[in-house]
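The data block below is model_34.pdb; it holds PDB, C-alpha atoms and all ligand atoms.
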```
ATOM      1  CA  MET A   1      96.734  31.328 -28.709
ATOM      2  CA  SER A   2      96.379  27.597 -29.260
ATOM      3  CA  LEU A   3      93.119  25.733 -29.632
ATOM      4  CA  SER A   4      94.292  22.428 -28.315
ATOM      5  CA  GLY A   5      97.024  22.967 -25.791
ATOM      6  CA  HIS A   6     100.685  22.695 -26.452
ATOM      7  CA  GLU A   7     101.021  19.377 -28.204
ATOM      8  CA  HIS A   8     100.749  20.899 -31.745
ATOM      9  CA  PRO A   9     102.735  24.074 -32.045
ATOM     10  CA  ALA A  10     102.188  23.934 -35.835
ATOM     11  CA  GLU A  11      98.507  24.629 -35.229
ATOM     12  CA  GLU A  12      99.369  28.248 -34.570
ATOM     13  CA  SER A  13      99.184  28.792 -38.368
ATOM     14  CA  ALA A  14      95.814  29.239 -40.066
ATOM     15  CA  GLU A  15      96.352  25.973 -41.884
ATOM     16  CA  GLY A  16      97.105  24.262 -38.614
ATOM     17  CA  ARG A  17      93.987  25.645 -37.031
ATOM     18  CA  THR A  18      91.849  24.513 -39.951
ATOM     19  CA  HIS A  19      93.413  21.098 -39.636
ATOM     20  CA  ALA A  20      92.678  20.970 -35.917
ATOM     21  CA  LEU A  21      89.088  22.056 -36.557
ATOM     22  CA  ARG A  22      88.620  19.352 -39.193
ATOM     23  CA  GLU A  23      89.969  16.807 -36.779
ATOM     24  CA  ARG A  24      87.439  17.905 -34.231
ATOM     25  CA  LEU A  25      84.536  17.795 -36.647
ATOM     26  CA  LEU A  26      85.452  14.669 -38.576
ATOM     27  CA  GLY A  27      87.437  12.743 -36.035
ATOM     28  CA  ALA A  28      91.161  12.078 -35.914
ATOM     29  CA  PRO A  29      92.875  10.387 -38.851
ATOM     30  CA  PRO A  30      93.636   6.704 -38.316
ATOM     31  CA  GLY A  31      96.523   6.050 -36.032
ATOM     32  CA  ARG A  32      95.903   9.117 -33.914
ATOM     33  CA  PRO A  33      92.628   8.479 -32.103
ATOM     34  CA  ARG A  34      91.339  11.566 -30.382
ATOM     35  CA  HIS A  35      88.007  10.318 -29.087
ATOM     36  CA  PRO A  36      85.953  11.461 -32.088
ATOM     37  CA  TRP A  37      82.688  10.230 -30.548
ATOM     38  CA  TRP A  38      83.225  12.407 -27.568
ATOM     39  CA  TRP A  39      83.670  15.374 -29.907
ATOM     40  CA  ILE A  40      80.654  14.507 -32.025
ATOM     41  CA  GLY A  41      78.450  13.865 -28.988
ATOM     42  CA  GLY A  42      79.600  17.017 -27.246
ATOM     43  CA  GLY A  43      79.308  19.037 -30.441
ATOM     44  CA  THR A  44      75.782  17.807 -31.077
ATOM     45  CA  ALA A  45      74.722  18.596 -27.510
ATOM     46  CA  LEU A  46      76.225  22.054 -27.855
ATOM     47  CA  LEU A  47      74.431  22.671 -31.173
ATOM     48  CA  LEU A  48      71.123  21.500 -29.709
ATOM     49  CA  ALA A  49      71.567  23.722 -26.666
ATOM     50  CA  LEU A  50      72.413  26.626 -28.950
ATOM     51  CA  ALA A  51      69.347  25.942 -31.119
ATOM     52  CA  GLY A  52      67.213  25.877 -27.972
ATOM     53  CA  VAL A  53      68.549  29.203 -26.763
ATOM     54  CA  MET A  54      68.091  30.749 -30.206
ATOM     55  CA  GLY A  55      64.545  29.377 -30.413
ATOM     56  CA  ALA A  56      63.612  30.854 -27.045
ATOM     57  CA  HIS A  57      65.236  34.128 -28.017
ATOM     58  CA  GLU A  58      63.339  34.233 -31.305
ATOM     59  CA  LEU A  59      60.037  33.518 -29.540
ATOM     60  CA  SER A  60      60.532  36.270 -26.993
ATOM     61  CA  GLN A  61      61.622  38.634 -29.749
ATOM     62  CA  ARG A  62      58.488  37.876 -31.772
ATOM     63  CA  ARG A  63      56.390  38.401 -28.660
ATOM     64  CA  SER A  64      57.932  41.779 -27.951
ATOM     65  CA  GLU A  65      57.483  42.743 -31.616
ATOM     66  CA  ARG A  66      53.789  41.860 -31.362
ATOM     67  CA  MET A  67      53.480  43.940 -28.181
ATOM     68  CA  HIS A  68      55.249  46.841 -29.867
ATOM     69  CA  ASP A  69      53.017  46.696 -32.949
ATOM     70  CA  ALA A  70      49.901  46.533 -30.768
ATOM     71  CA  ARG A  71      50.979  49.667 -28.846
ATOM     72  CA  GLU A  72      51.653  51.521 -32.097
ATOM     73  CA  LEU A  73      48.269  50.555 -33.511
ATOM     74  CA  THR A  74      46.128  51.482 -30.530
ATOM     75  CA  GLY A  75      48.077  53.724 -28.154
ATOM     76  CA  GLY A  76      47.110  51.189 -25.473
ATOM     77  CA  GLU A  77      49.200  48.927 -23.276
ATOM     78  CA  PRO A  78      48.573  45.279 -24.208
ATOM     79  CA  SER A  79      49.836  43.893 -20.893
ATOM     80  CA  GLU A  80      46.929  45.681 -19.146
ATOM     81  CA  GLY A  81      44.388  43.796 -21.270
ATOM     82  CA  PRO A  82      43.998  40.428 -19.530
ATOM     83  CA  ALA A  83      43.270  41.869 -16.047
ATOM     84  CA  LEU A  84      40.752  44.326 -17.501
ATOM     85  CA  MET A  85      39.002  41.629 -19.481
ATOM     86  CA  ARG A  86      38.725  39.553 -16.325
ATOM     87  CA  ALA A  87      37.402  42.494 -14.346
ATOM     88  CA  TYR A  88      34.739  43.312 -16.955
ATOM     89  CA  GLY A  89      33.617  39.741 -17.490
ATOM     90  CA  CYS A  90      34.538  39.474 -21.190
ATOM     91  CA  GLY A  91      35.605  35.893 -20.529
ATOM     92  CA  GLY A  92      32.090  34.942 -19.449
ATOM     93  CA  CYS A  93      31.074  35.195 -23.109
ATOM     94  CA  HIS A  94      34.369  34.808 -24.983
ATOM     95  CA  THR A  95      37.166  32.302 -25.040
ATOM     96  CA  ILE A  96      40.306  34.431 -24.913
ATOM     97  CA  PRO A  97      43.817  32.947 -25.036
ATOM     98  CA  GLY A  98      46.048  34.372 -22.301
ATOM     99  CA  VAL A  99      43.114  35.351 -20.076
ATOM    100  CA  PRO A 100      42.684  32.830 -17.247
ATOM    101  CA  GLY A 101      39.128  31.543 -16.921
ATOM    102  CA  ALA A 102      37.988  33.138 -20.181
ATOM    103  CA  ASP A 103      36.218  30.169 -21.706
ATOM    104  CA  GLY A 104      32.773  31.582 -22.563
ATOM    105  CA  THR A 105      30.910  30.381 -25.618
ATOM    106  CA  VAL A 106      28.174  33.039 -25.961
ATOM    107  CA  GLY A 107      30.268  35.169 -28.330
ATOM    108  CA  PRO A 108      32.943  34.114 -30.825
ATOM    109  CA  PRO A 109      36.349  33.053 -29.509
ATOM    110  CA  LEU A 110      38.815  35.954 -29.735
ATOM    111  CA  THR A 111      41.593  33.572 -30.737
ATOM    112  CA  GLY A 112      43.705  34.994 -33.578
ATOM    113  CA  PHE A 113      41.742  38.237 -33.396
ATOM    114  CA  ALA A 114      44.490  40.283 -35.101
ATOM    115  CA  ARG A 115      43.822  38.294 -38.269
ATOM    116  CA  ARG A 116      40.042  38.771 -38.180
ATOM    117  CA  GLN A 117      38.774  40.823 -41.111
ATOM    118  CA  TYR A 118      35.543  42.097 -39.573
ATOM    119  CA  ILE A 119      34.410  42.946 -36.061
ATOM    120  CA  GLY A 120      31.096  41.330 -35.243
ATOM    121  CA  GLY A 121      30.756  40.668 -38.973
ATOM    122  CA  VAL A 122      29.751  44.294 -39.580
ATOM    123  CA  ALA A 123      32.726  46.674 -39.265
ATOM    124  CA  LEU A 124      36.228  46.471 -40.748
ATOM    125  CA  ASN A 125      38.725  45.379 -38.120
ATOM    126  CA  GLU A 126      40.689  48.578 -37.522
ATOM    127  CA  PRO A 127      42.114  49.883 -34.233
ATOM    128  CA  ASN A 128      39.779  52.835 -33.687
ATOM    129  CA  THR A 129      36.766  50.810 -34.745
ATOM    130  CA  LEU A 130      37.720  48.064 -32.310
ATOM    131  CA  VAL A 131      37.960  50.569 -29.450
ATOM    132  CA  GLU A 132      34.504  51.886 -30.413
ATOM    133  CA  TRP A 133      33.121  48.347 -30.581
ATOM    134  CA  ILE A 134      34.419  47.519 -27.122
ATOM    135  CA  LEU A 135      32.924  50.755 -25.774
ATOM    136  CA  ASN A 136      29.541  50.247 -27.378
ATOM    137  CA  PRO A 137      28.888  47.369 -29.793
ATOM    138  CA  LYS A 138      25.249  48.382 -30.171
ATOM    139  CA  GLN A 139      26.218  51.409 -32.276
ATOM    140  CA  PHE A 140      27.407  48.947 -34.954
ATOM    141  CA  ASP A 141      24.689  46.365 -34.555
ATOM    142  CA  PRO A 142      21.674  47.247 -32.401
ATOM    143  CA  LYS A 143      20.697  43.582 -32.226
ATOM    144  CA  THR A 144      24.044  42.230 -31.014
ATOM    145  CA  ALA A 145      23.986  40.201 -27.822
ATOM    146  CA  MET A 146      27.193  41.883 -26.686
ATOM    147  CA  PRO A 147      26.382  44.409 -23.957
ATOM    148  CA  VAL A 148      27.904  47.771 -23.134
ATOM    149  CA  THR A 149      30.237  46.672 -20.359
ATOM    150  CA  GLY A 150      31.143  50.101 -18.990
ATOM    151  CA  VAL A 151      34.868  50.126 -19.764
ATOM    152  CA  THR A 152      36.427  53.572 -20.171
ATOM    153  CA  ARG A 153      37.955  54.657 -23.467
ATOM    154  CA  GLU A 154      41.442  54.242 -22.055
ATOM    155  CA  GLN A 155      40.648  50.740 -20.814
ATOM    156  CA  ALA A 156      39.139  49.874 -24.194
ATOM    157  CA  ARG A 157      42.417  50.945 -25.792
ATOM    158  CA  HIS A 158      44.401  48.590 -23.530
ATOM    159  CA  ILE A 159      42.010  45.754 -24.313
ATOM    160  CA  ALA A 160      42.203  46.482 -28.049
ATOM    161  CA  ALA A 161      46.009  46.493 -27.832
ATOM    162  CA  PHE A 162      45.922  43.099 -26.162
ATOM    163  CA  LEU A 163      43.509  41.687 -28.763
ATOM    164  CA  TYR A 164      45.930  42.719 -31.524
ATOM    165  CA  THR A 165      48.658  40.591 -29.966
ATOM    166  CA  LEU A 166      46.476  37.521 -30.656
ATOM    167  CA  ARG A 167      47.592  36.205 -34.039
TER     168      ARG A 167
HETATM  169  C1  LIG A 201      27.046  38.853 -22.695
HETATM  170  C2  LIG A 201      28.084  38.308 -23.540
HETATM  171  C3  LIG A 201      29.252  39.173 -23.935
HETATM  172  C4  LIG A 201      30.112  39.876 -23.125
HETATM  173  C5  LIG A 201      30.076  40.042 -21.635
HETATM  174  C6  LIG A 201      31.128  40.419 -24.005
HETATM  175  N1  LIG A 201      30.880  40.079 -25.280
HETATM  176 FE1  LIG A 201      32.027  40.504 -26.887
HETATM  177  N2  LIG A 201      30.690  39.636 -28.105
HETATM  178  C7  LIG A 201      29.569  38.958 -27.696
HETATM  179  C8  LIG A 201      28.845  38.480 -28.854
HETATM  180  C9  LIG A 201      27.539  37.701 -28.843
HETATM  181  C10 LIG A 201      29.615  38.890 -29.973
HETATM  182  C11 LIG A 201      29.247  38.666 -31.434
HETATM  183  C12 LIG A 201      28.681  39.968 -31.869
HETATM  184  C13 LIG A 201      27.977  39.935 -33.174
HETATM  185  O1  LIG A 201      28.384  39.185 -34.059
HETATM  186  O2  LIG A 201      27.011  40.694 -33.290
HETATM  187  C14 LIG A 201      30.748  39.596 -29.469
HETATM  188  C15 LIG A 201      31.742  40.123 -30.263
HETATM  189  C16 LIG A 201      32.913  40.671 -29.776
HETATM  190  C17 LIG A 201      34.025  41.047 -30.591
HETATM  191  C18 LIG A 201      34.108  40.894 -32.097
HETATM  192  C19 LIG A 201      34.609  39.505 -32.356
HETATM  193  C20 LIG A 201      34.660  39.096 -33.784
HETATM  194  O3  LIG A 201      35.439  38.184 -34.095
HETATM  195  O4  LIG A 201      33.958  39.654 -34.608
HETATM  196  C21 LIG A 201      34.978  41.533 -29.762
HETATM  197  C22 LIG A 201      36.339  42.056 -30.153
HETATM  198  C23 LIG A 201      34.456  41.467 -28.434
HETATM  199  N3  LIG A 201      33.206  40.911 -28.483
HETATM  200  C24 LIG A 201      35.125  41.885 -27.317
HETATM  201  C25 LIG A 201      34.588  41.869 -26.041
HETATM  202  C26 LIG A 201      35.240  42.442 -24.906
HETATM  203  C27 LIG A 201      36.600  43.091 -24.907
HETATM  204  C28 LIG A 201      34.412  42.263 -23.851
HETATM  205  C29 LIG A 201      34.578  42.741 -22.432
HETATM  206  C30 LIG A 201      34.855  44.140 -22.260
HETATM  207  C31 LIG A 201      33.243  41.565 -24.337
HETATM  208  N4  LIG A 201      33.388  41.332 -25.680
HETATM  209  C32 LIG A 201      32.178  41.171 -23.563
HETATM  210  C33 LIG A 201      29.158  38.756 -26.415
HETATM  211  C34 LIG A 201      29.750  39.315 -25.299
END
```

Transcribe the structure of this file into structure tokens.
Amino acid sequence: MSLSGHEHPAEESAEGRTHALRERLLGAPPGRPRHPWWWIGGGTALLLALAGVMGAHELSQRRSERMHDARELTGGEPSEGPALMRAYGCGGCHTIPGVPGADGTVGPPLTGFARRQYIGGVALNEPNTLVEWILNPKQFDPKTAMPVTGVTREQARHIAAFLYTLR
């Protein structure tokens, strides 16, 4: 197997291959021009493309890790959350990233909710507590402006799962 065609049979050896690689990376030694700029330009484009692909891969991996963690925490399905929150009007009072039209300002924005320490400022932010809050916030704070919206326990679990993907 030859890296560069048949013009350098000596490159079959490991030393030869290293030499060929160095020529590609650093350009040809004087007297034997091998279009170094073409190599550098092409190499840079290739590296950038590779970095782009790796970046996209990393992002989608982090996203699927977040989804996985949210399922483990709540037993709910995070991808069900946005449609449910739309259906139950959560977005009329809350700004919620990833939920189209959810730009309410009555309640706090749910941005970065997974990092919030307390729910409604009164209960520790834990999965079961969050499900209970979504079902009936008045049991934690009778004076809260957040109403009982009528979601089922299972729906509350899906919504909670989704909220824990918001970091
Ligand atoms: C009528 C307005 C209103 C609606 C509708 C509403 N909320 Fe709220 N929500 C609030 C208010 C106000 C608070 C702040 C509660 C407090 O501090 O007492 C709140 C607090 C919360 C919190 C705690 C946020 C934090 O950072 O402490 C969560 C989570 C939440 N709401 C989820 C939901 C979900 C899910 C829905 C839909 C099922 C929903 N809310 C519907 C008004 C609303």

Using only C-alpha atoms and all ligand atoms, I'd like a table of the residues in chain A that come within 8 Å of ligand LIG 201 (chain A); for each, show the closest atom pair and its distance in Å rounded to one decimal, ordered by chain and ascending number, as JSON lines.
```
{"residue": "A:Leu84", "atom": "CA", "partner": "A:LIG201", "partner_atom": "C30", "distance": 7.6}
{"residue": "A:Met85", "atom": "CA", "partner": "A:LIG201", "partner_atom": "C29", "distance": 5.4}
{"residue": "A:Tyr88", "atom": "CA", "partner": "A:LIG201", "partner_atom": "C30", "distance": 5.4}
{"residue": "A:Gly89", "atom": "CA", "partner": "A:LIG201", "partner_atom": "C5", "distance": 5.5}
{"residue": "A:Cys90", "atom": "CA", "partner": "A:LIG201", "partner_atom": "C29", "distance": 3.5}
{"residue": "A:Gly91", "atom": "CA", "partner": "A:LIG201", "partner_atom": "C32", "distance": 7.0}
{"residue": "A:Gly92", "atom": "CA", "partner": "A:LIG201", "partner_atom": "C5", "distance": 5.9}
{"residue": "A:Cys93", "atom": "CA", "partner": "A:LIG201", "partner_atom": "C2", "distance": 4.3}
{"residue": "A:His94", "atom": "CA", "partner": "A:LIG201", "partner_atom": "N1", "distance": 6.3}
{"residue": "A:Val106", "atom": "CA", "partner": "A:LIG201", "partner_atom": "C9", "distance": 5.5}
{"residue": "A:Gly107", "atom": "CA", "partner": "A:LIG201", "partner_atom": "C8", "distance": 3.6}
{"residue": "A:Pro108", "atom": "CA", "partner": "A:LIG201", "partner_atom": "O3", "distance": 5.8}
{"residue": "A:Pro109", "atom": "CA", "partner": "A:LIG201", "partner_atom": "O3", "distance": 6.9}
{"residue": "A:Leu110", "atom": "CA", "partner": "A:LIG201", "partner_atom": "O3", "distance": 5.9}
{"residue": "A:Phe113", "atom": "CA", "partner": "A:LIG201", "partner_atom": "O3", "distance": 6.3}
{"residue": "A:Arg116", "atom": "CA", "partner": "A:LIG201", "partner_atom": "O3", "distance": 6.2}
{"residue": "A:Tyr118", "atom": "CA", "partner": "A:LIG201", "partner_atom": "O4", "distance": 5.8}
{"residue": "A:Ile119", "atom": "CA", "partner": "A:LIG201", "partner_atom": "O4", "distance": 3.6}
{"residue": "A:Gly120", "atom": "CA", "partner": "A:LIG201", "partner_atom": "O4", "distance": 3.4}
{"residue": "A:Gly121", "atom": "CA", "partner": "A:LIG201", "partner_atom": "O4", "distance": 5.5}
{"residue": "A:Val122", "atom": "CA", "partner": "A:LIG201", "partner_atom": "O1", "distance": 7.6}
{"residue": "A:Leu130", "atom": "CA", "partner": "A:LIG201", "partner_atom": "C22", "distance": 6.5}
{"residue": "A:Trp133", "atom": "CA", "partner": "A:LIG201", "partner_atom": "C22", "distance": 7.1}
{"residue": "A:Ile134", "atom": "CA", "partner": "A:LIG201", "partner_atom": "C27", "distance": 5.4}
{"residue": "A:Leu135", "atom": "CA", "partner": "A:LIG201", "partner_atom": "C30", "distance": 7.7}
{"residue": "A:Pro137", "atom": "CA", "partner": "A:LIG201", "partner_atom": "C12", "distance": 7.7}
{"residue": "A:Asp141", "atom": "CA", "partner": "A:LIG201", "partner_atom": "O2", "distance": 6.3}
{"residue": "A:Lys143", "atom": "CA", "partner": "A:LIG201", "partner_atom": "O2", "distance": 7.0}
{"residue": "A:Thr144", "atom": "CA", "partner": "A:LIG201", "partner_atom": "O2", "distance": 4.0}
{"residue": "A:Ala145", "atom": "CA", "partner": "A:LIG201", "partner_atom": "C9", "distance": 4.5}
{"residue": "A:Met146", "atom": "CA", "partner": "A:LIG201", "partner_atom": "C33", "distance": 3.7}
{"residue": "A:Pro147", "atom": "CA", "partner": "A:LIG201", "partner_atom": "C1", "distance": 5.7}
{"residue": "A:Val148", "atom": "CA", "partner": "A:LIG201", "partner_atom": "C32", "distance": 7.9}
{"residue": "A:Thr149", "atom": "CA", "partner": "A:LIG201", "partner_atom": "C30", "distance": 5.6}
{"residue": "A:Gly150", "atom": "CA", "partner": "A:LIG201", "partner_atom": "C30", "distance": 7.7}
{"residue": "A:Val151", "atom": "CA", "partner": "A:LIG201", "partner_atom": "C30", "distance": 6.5}
{"residue": "A:Ala156", "atom": "CA", "partner": "A:LIG201", "partner_atom": "C27", "distance": 7.3}
{"residue": "A:Ile159", "atom": "CA", "partner": "A:LIG201", "partner_atom": "C27", "distance": 6.1}
{"residue": "A:Ala160", "atom": "CA", "partner": "A:LIG201", "partner_atom": "C27", "distance": 7.3}
{"residue": "A:Leu163", "atom": "CA", "partner": "A:LIG201", "partner_atom": "C22", "distance": 7.3}
```

Selection dump of the PyMOL selection byres (((chain A and resi 66) around 10) and not hetatm), as a list in words: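 The output of the PyMOL selection byres (((chain A and resi 66) around 10) and not hetatm) on this file is Ser60, Gln61, Arg62, Arg63, Ser64, Glu65, Met67, His68, Asp69, Ala70, Arg71, Glu72, Pro78, Ala161, Phe162, Tyr164, Thr165, Leu166 and Arg167 of chain A.
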
For Ala87 of chain A, the nearest of the candidates A:Thr74, A:Gln155, A:Asn128, A:Gln139, counting all atoms listed in the file: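 So, comparing all the options, the nearest one is A:Gln155.
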
Pairwise distance for atom CA of Gly76 of chain A and atom CA of His57 of chain A, rounded to one decimal in Å: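 Computing the Euclidean distance for atom CA of Gly76 of chain A and atom CA of His57 of chain A yields 25.0 Å.
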
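For the set A:Met54, A:Ala83, A:Leu59, A:Ala102, the residue with the smallest atom-to-atom gap to His158 of chain A is A:Ala83, counting all atoms listed in the file.
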
Resolved residues for the PyMOL selection byres (((chain A and resi 25) around 12) and not hetatm) as a list in words: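 Applied to this file, the PyMOL selection byres (((chain A and resi 25) around 12) and not hetatm) returns Thr18, His19, Ala20, Leu21, Arg22, Glu23, Arg24, Leu26, Gly27, Ala28, Pro29, Arg34, His35, Pro36, Trp37, Trp38, Trp39, Ile40, Gly41, Gly42, Gly43 and Thr44 of chain A.
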
Point-to-point distance in Å for atom CA of Arg86 of chain A and atom CA of Asp103 of chain A: 11.1 Å

Length of the atom CA of Ser79 of chain A to atom CA of Gly98 of chain A vector [Å]: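 Separation of atom CA of Ser79 of chain A and atom CA of Gly98 of chain A: 10.3 Å.
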